[in-house]
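Source file: my_file_15.csv; contents: CSV, C-alpha atoms.
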chain,number,residue,atom,x,y,z
A,1226,ARG,CA,124.1,124.8,91.1
A,1227,ALA,CA,123.7,121.7,93.3
A,1228,PHE,CA,126.6,120.0,91.5
A,1229,ALA,CA,128.9,123.1,91.7
A,1230,ALA,CA,130.6,121.9,94.9
A,1231,CYS,CA,131.0,118.4,93.6
A,1232,PRO,CA,128.9,116.9,96.5
A,1233,ASP,CA,129.5,113.3,97.6
A,1234,VAL,CA,125.7,112.9,98.4
A,1235,LEU,CA,122.8,114.8,96.9
A,1236,ILE,CA,119.3,114.7,98.4
A,1237,LEU,CA,116.6,114.7,95.8
A,1238,ASP,CA,113.1,115.2,97.4
A,1239,GLU,CA,110.3,114.4,94.8
A,1240,PRO,CA,112.4,115.9,91.9
A,1241,VAL,CA,110.0,114.6,89.2
A,1242,SER,CA,106.6,114.9,90.9
A,1243,ALA,CA,103.8,116.7,88.9
A,1244,LEU,CA,105.8,116.5,85.7
A,1245,ASP,CA,104.5,115.1,82.4
A,1246,VAL,CA,106.0,111.8,81.2
A,1247,THR,CA,108.4,113.4,78.6
A,1248,VAL,CA,109.8,116.0,81.0
A,1249,GLN,CA,110.1,113.4,83.7
A,1250,ALA,CA,112.1,111.0,81.5
A,1251,ALA,CA,114.4,113.9,80.4
A,1252,ILE,CA,115.1,114.9,84.0
A,1253,LEU,CA,115.8,111.2,85.0
A,1254,ASP,CA,118.1,110.9,82.0
A,1255,LEU,CA,120.0,114.1,83.1
A,1256,LEU,CA,120.3,112.9,86.7
A,1257,GLU,CA,121.8,109.6,85.4
A,1258,LEU,CA,124.3,111.5,83.2
A,1259,LEU,CA,125.3,113.9,86.0
A,1260,GLN,CA,125.7,111.0,88.5
A,1261,HIS,CA,128.0,109.1,86.1
A,1262,ALA,CA,130.0,112.3,85.4
A,1263,SER,CA,130.4,113.4,89.1
A,1264,GLY,CA,130.4,110.1,91.0
A,1265,SER,CA,127.9,111.5,93.5
A,1266,SER,CA,125.5,109.4,95.4
A,1267,TYR,CA,121.7,110.2,95.4
A,1268,LEU,CA,119.2,110.0,98.2
A,1269,PHE,CA,116.1,109.9,96.0
A,1270,ILE,CA,112.9,110.5,97.9
A,1271,SER,CA,109.6,109.7,96.0
A,1272,HIS,CA,106.2,108.0,96.1
A,1273,ASP,CA,106.7,107.0,92.5
A,1274,LEU,CA,108.3,103.5,92.5
A,1275,ALA,CA,108.7,103.6,88.7
A,1276,ALA,CA,110.9,106.7,89.0
A,1277,VAL,CA,112.8,105.2,92.0
A,1278,SER,CA,113.5,102.0,90.1
A,1279,ARG,CA,115.0,104.0,87.3
A,1280,LEU,CA,117.8,105.4,89.5
A,1281,ALA,CA,118.1,103.5,92.7
A,1282,ASP,CA,120.4,100.6,93.5
A,1283,ARG,CA,118.9,100.0,96.9
A,1284,VAL,CA,115.4,101.0,98.1
A,1285,ALA,CA,114.0,101.7,101.6
A,1286,VAL,CA,110.2,101.9,101.9
A,1287,MET,CA,109.0,104.0,104.8
A,1288,TYR,CA,105.6,104.4,106.4
A,1289,LEU,CA,104.9,107.0,109.1
A,1290,GLY,CA,108.6,107.6,109.5
A,1291,GLN,CA,109.5,103.9,110.0
A,1292,VAL,CA,111.4,101.7,107.5
A,1293,ILE,CA,109.2,98.7,106.7
A,1294,GLU,CA,111.1,97.2,103.7
A,1295,LEU,CA,114.7,97.4,102.6
A,1296,GLY,CA,116.7,95.7,99.8
A,1297,GLU,CA,118.1,95.9,96.3
A,1298,ALA,CA,115.8,97.7,93.9
A,1299,GLY,CA,115.1,94.6,91.9
A,1300,ASP,CA,114.2,92.6,95.0
A,1301,VAL,CA,111.9,95.3,96.4
A,1302,LEU,CA,110.0,95.4,93.1
A,1303,ARG,CA,109.4,91.6,93.0
A,1304,PRO,CA,107.1,89.7,95.4
A,1305,PRO,CA,107.1,89.3,98.2
A,1306,HIS,CA,106.6,93.0,99.1
A,1307,HIS,CA,105.4,94.6,102.3
A,1308,PRO,CA,101.6,95.3,101.7
A,1309,TYR,CA,102.3,99.0,101.7
A,1310,THR,CA,104.9,98.6,98.9
A,1311,GLU,CA,102.4,96.4,97.1
A,1312,ALA,CA,99.9,99.4,97.3
A,1313,LEU,CA,102.5,101.8,96.0
A,1314,LEU,CA,103.2,99.5,93.0
A,1315,ALA,CA,99.5,99.1,92.4
A,1316,ALA,CA,99.2,103.0,92.3
A,1317,VAL,CA,101.6,103.2,89.3
A,1318,PRO,CA,99.4,103.6,86.2
A,1319,ALA,CA,99.6,100.7,83.7
A,1320,ILE,CA,98.7,101.2,80.0
A,1321,GLU,CA,97.1,97.7,79.9
A,1322,ALA,CA,95.3,97.6,83.2
A,1323,ALA,CA,93.5,94.4,82.2
A,1324,ALA,CA,96.8,92.6,82.1
A,1325,LEU,CA,97.3,93.0,85.9
A,1326,PRO,CA,97.1,89.6,87.7
A,1327,HIS,CA,94.7,90.9,90.3
A,1328,ALA,CA,92.6,93.9,91.2
A,1329,PRO,CA,94.6,97.0,92.2
A,1330,ILE,CA,95.1,97.6,95.9
A,1331,ARG,CA,92.9,100.4,97.2
A,1332,LEU,CA,93.8,101.8,100.6
A,1333,SER,CA,91.0,103.1,102.8
A,1334,GLY,CA,90.8,105.1,106.0
A,1335,GLU,CA,92.8,108.1,107.3
A,1336,VAL,CA,96.6,108.1,107.6
A,1337,PRO,CA,97.3,108.0,111.4
A,1338,SER,CA,99.2,110.8,113.0
A,1339,ALA,CA,103.0,110.4,112.9
A,1340,ILE,CA,103.2,111.8,116.5
A,1341,ASP,CA,100.6,109.3,117.8
A,1342,LEU,CA,101.4,106.0,116.1
A,1343,PRO,CA,99.0,103.1,116.3
A,1344,GLY,CA,100.1,100.1,118.3
A,1345,GLY,CA,101.6,97.0,116.6
A,1346,CYS,CA,102.3,97.4,113.0
A,1347,PRO,CA,102.0,101.1,112.0
A,1348,PHE,CA,100.2,100.1,108.8
A,1349,HIS,CA,97.6,97.8,110.3
A,1350,THR,CA,94.8,100.5,110.3
A,1351,ARG,CA,94.9,100.6,106.5
A,1352,CYS,CA,96.4,97.2,105.5
A,1353,PRO,CA,94.5,95.3,102.9
A,1354,ARG,CA,96.1,92.0,104.2
A,1355,LEU,CA,95.4,92.4,107.9
A,1356,LEU,CA,95.8,89.2,109.7
A,1357,GLY,CA,93.9,90.1,112.9
A,1358,PRO,CA,94.7,91.2,116.5
A,1359,VAL,CA,98.4,90.3,116.2
A,1360,CYS,CA,98.9,93.1,113.7
A,1361,ALA,CA,97.4,95.7,116.1
A,1362,GLU,CA,99.0,94.4,119.2
A,1363,GLU,CA,102.5,93.2,118.3
A,1364,ALA,CA,105.3,95.0,116.4
A,1365,PRO,CA,106.0,93.0,113.3
A,1366,PRO,CA,109.4,91.2,113.0
A,1367,TRP,CA,112.0,91.8,110.4
A,1368,GLN,CA,112.0,88.9,107.9
A,1369,VAL,CA,115.0,88.3,105.7
A,1370,GLY,CA,114.6,86.9,102.2
A,1371,SER,CA,117.0,86.4,99.3
A,1372,ALA,CA,120.0,88.7,98.8
A,1373,GLY,CA,119.3,90.3,102.2
A,1374,HIS,CA,115.9,91.7,101.2
A,1375,GLN,CA,114.1,92.6,104.4
A,1376,VAL,CA,110.4,93.0,105.0
A,1377,ARG,CA,108.8,94.0,108.4
A,1378,CYS,CA,105.5,92.1,108.4
A,1379,HIS,CA,103.7,89.4,110.4
A,1380,ILE,CA,102.8,87.5,107.2
A,1381,PRO,CA,105.5,84.9,106.3
A,1382,LEU,CA,107.4,85.9,103.1
A,1383,GLY,CA,106.4,82.7,101.4
A,1384,GLU,CA,102.7,83.4,102.0
A,1385,LEU,CA,103.1,87.0,100.8
A,1386,ALA,CA,104.8,85.8,97.6
A,1387,VAL,CA,101.8,83.5,96.8
A,1388,LEU,CA,99.3,86.2,97.6
A,1389,GLN,CA,101.0,88.8,95.4
A,1390,ALA,CA,102.2,86.7,92.5
A,1391,GLY,CA,99.9,86.2,89.5
A,1392,GLU,CA,100.0,83.6,86.7
A,1393,ASP,CA,99.8,86.1,83.9
A,1394,SER,CA,103.3,86.9,82.5
A,1395,THR,CA,102.1,89.7,80.3
A,1396,VAL,CA,104.5,92.6,80.2
A,1397,ILE,CA,103.0,95.9,81.4
A,1398,THR,CA,104.5,99.2,80.3
A,1399,LEU,CA,104.2,101.8,83.1
A,1400,ALA,CA,102.5,105.0,81.9
A,1401,THR,CA,104.5,107.2,84.2
A,1402,ASN,CA,107.8,106.1,82.7
A,1403,PRO,CA,108.0,104.4,79.3
A,1404,ALA,CA,111.5,103.3,80.1
A,1405,ILE,CA,110.4,100.9,82.8
A,1406,GLU,CA,108.7,97.6,82.2
A,1407,ILE,CA,107.3,95.2,84.8
A,1408,ALA,CA,106.1,91.7,84.1
A,1409,ALA,CA,102.9,90.8,85.8
A,1410,GLY,CA,103.3,87.8,87.9
A,1411,ASP,CA,106.9,88.4,89.1
A,1412,ALA,CA,107.2,92.2,88.7
A,1413,SER,CA,110.7,91.8,87.4
A,1414,VAL,CA,112.4,94.9,85.9
A,1415,ALA,CA,113.1,94.4,82.2
A,1416,GLU,CA,115.9,96.0,80.2
A,1417,ARG,CA,115.3,99.7,79.8
A,1418,ARG,CA,114.0,100.8,76.5
A,1419,PRO,CA,115.1,104.2,75.1
A,1420,SER,CA,113.4,107.2,76.6
A,1421,PRO,CA,111.5,109.7,74.4
A,1422,THR,CA,114.5,112.0,74.5
A,1423,GLU,CA,116.9,109.3,73.5
A,1424,GLU,CA,114.7,108.2,70.6
A,1425,PHE,CA,114.5,111.9,69.4
A,1426,ASP,CA,118.3,112.2,69.6
A,1427,GLU,CA,118.7,109.0,67.5
A,1428,ALA,CA,116.3,110.3,64.9
A,1429,ALA,CA,118.1,113.6,64.7
A,1430,GLU,CA,121.4,111.9,64.2
A,1431,ALA,CA,119.9,109.8,61.4
A,1432,GLY,CA,118.7,113.0,59.7
A,1433,GLU,CA,115.0,112.3,60.5
A,1434,ALA,CA,112.5,115.1,61.4
A,1435,GLU,CA,110.1,114.5,64.2
A,1436,GLY,CA,107.3,116.7,65.4
A,1437,THR,CA,104.9,116.7,68.4
A,1438,GLU,CA,101.5,118.1,68.9
A,1439,GLY,CA,100.1,119.3,72.3
Whole structure given in structure tokens:
Amino acid sequence: RAFAACPDVLILDEPVSALDVTVQAAILDLLELLQHASGSSYLFISHDLAAVSRLADRVAVMYLGQVIELGEAGDVLRPPHHPYTEALLAAVPAIEAAALPHAPIRLSGEVPSAIDLPGGCPFHTRCPRLLGPVCAEEAPPWQVGSAGHQVRCHIPLGELAVLQAGEDSTVITLATNPAIEIAAGDASVAERRPSPTEEFDEAAEAGEAEGTEG
């Protein structure tokens, strides 16, 4: 029904949250198909960066109502990231956790109130890369990287890239979305592999039978 009026912009607020992997992949496939057919633009809101990277051309990362990172999807997924973006990426389950270049980011502490924001950087109370008093006292500047990628942080982008990059180039398949692959070390998005629904359709066209248990 949302497409009945041929909207120019469609707001999708957590459209695939709490869905299993197969259903999530099918919904994302359908959204891609409908977008190509209608020419509509999506405002896709989600905490799942694997799902975001599947559909988005540009990504804005927000914390407590403030944009803290902005850029092309591929640039946001590669170091340097804002430390909060780094934590979101670390929260995406990986099938081979041992292949990660460093220990996953674990945020601690309570999320501050959005109506009583902390001074300085809004993320400083939970930031795993806290520099010191400057983070609590001064608003972070916007830093501009390649292709207009913008990060709002006190840590220089070059230093963030070194901290967040690993030497291991093992490819990690994200458990939440088998169609997305990220290489440890540079977190670059690889060519999308067929989703479970696409593989099933190809098997059906070839006359093969496939069953599932669950």
When you look at Thr1310 of chain A with a cut-off of 12 Å (counting all atoms listed in the file), what residues show up, excluding the ones that are within fewer than 5 positions of it in the same chain? I need them as a short mmCIF file (atom, residue, chain, number, x, y, z; two decimals) with C-alpha atoms, keeping the file's coordinate frame.
data_model
loop_
_atom_site.label_atom_id
_atom_site.label_comp_id
_atom_site.auth_asym_id
_atom_site.auth_seq_id
_atom_site.Cartn_x
_atom_site.Cartn_y
_atom_site.Cartn_z
CA HIS A 1272 106.20 108.00 96.10
CA ASP A 1273 106.70 107.00 92.50
CA LEU A 1274 108.30 103.50 92.50
CA ALA A 1275 108.70 103.60 88.70
CA VAL A 1284 115.40 101.00 98.10
CA ALA A 1285 114.00 101.70 101.60
CA VAL A 1286 110.20 101.90 101.90
CA MET A 1287 109.00 104.00 104.80
CA TYR A 1288 105.60 104.40 106.40
CA VAL A 1292 111.40 101.70 107.50
CA ILE A 1293 109.20 98.70 106.70
CA GLU A 1294 111.10 97.20 103.70
CA LEU A 1295 114.70 97.40 102.60
CA ASP A 1300 114.20 92.60 95.00
CA VAL A 1301 111.90 95.30 96.40
CA LEU A 1302 110.00 95.40 93.10
CA ARG A 1303 109.40 91.60 93.00
CA PRO A 1304 107.10 89.70 95.40
CA PRO A 1305 107.10 89.30 98.20
CA ALA A 1315 99.50 99.10 92.40
CA ALA A 1316 99.20 103.00 92.30
CA VAL A 1317 101.60 103.20 89.30
CA ILE A 1330 95.10 97.60 95.90
CA LEU A 1332 93.80 101.80 100.60
CA PHE A 1348 100.20 100.10 108.80
CA CYS A 1352 96.40 97.20 105.50
CA PRO A 1353 94.50 95.30 102.90
CA VAL A 1376 110.40 93.00 105.00
CA ARG A 1377 108.80 94.00 108.40
CA CYS A 1378 105.50 92.10 108.40
CA LEU A 1385 103.10 87.00 100.80
CA GLN A 1389 101.00 88.80 95.40
#
Task: Residue with smallest distance to Tyr1267 of chain A - pool A:Thr1247, A:Ile1252, A:Ser1242, A:Val1234, counting all atoms listed in the file - done: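 Using all atoms listed in the file, the shortest distance to Tyr1267 of chain A belongs to A:Val1234.
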Task: Non-local contacts of segment 1357-1364 of chain A (10 Å; all atoms listed in the file; under 3 positions in same chain excluded) as number ranges by chain - done: A: 1343-1350, 1352, 1354, 1367, 1377-1380
Open item on the list: Restricting the calculation to only C-alpha atoms: of A:Val1336, A:Val1387, A:Ser1371, A:Glu1239, which residue gets closest to Leu1289 of chain A?
Closed with: A:Val1336
Open item on the list: As an exercise, work out the distance from atom CA of Ser1263 of chain A to atom CA of Arg1226 of chain A in Å and give it to one decimal place.
Closed with: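 Between these atoms lies a distance of 13.2 Å.
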Task: Length of the atom CA of Pro1308 of chain A to atom CA of Arg1351 of chain A vector [Å] - done: 9.8 Å
Open item on the list: Could you list, as JSON, numbers by chain, every residue within 12 Å of Leu1280 of chain A, counting only C-alpha atoms and ignoring same-chain residues fewer than 5 positions away?
Closed with: {"A": [1237, 1250, 1252, 1253, 1254, 1255, 1256, 1257, 1258, 1259, 1260, 1261, 1266, 1267, 1268, 1269, 1270, 1271, 1273, 1274, 1275, 1297, 1298, 1299, 1404, 1405, 1417]}
Task: Between atom CA of Asp1245 of chain A and atom CA of Glu1311 of chain A, distance in Å (one decimal) - done: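 Atom CA of Glu1311 of chain A lies 23.9 Å from atom CA of Asp1245 of chain A.
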Task: Nearest to Pro1240 of chain A, chosen from A:Val1277, A:Leu1388, A:Leu1342, A:Ala1312, with only C-alpha atoms counted in the distances - done: A:Val1277
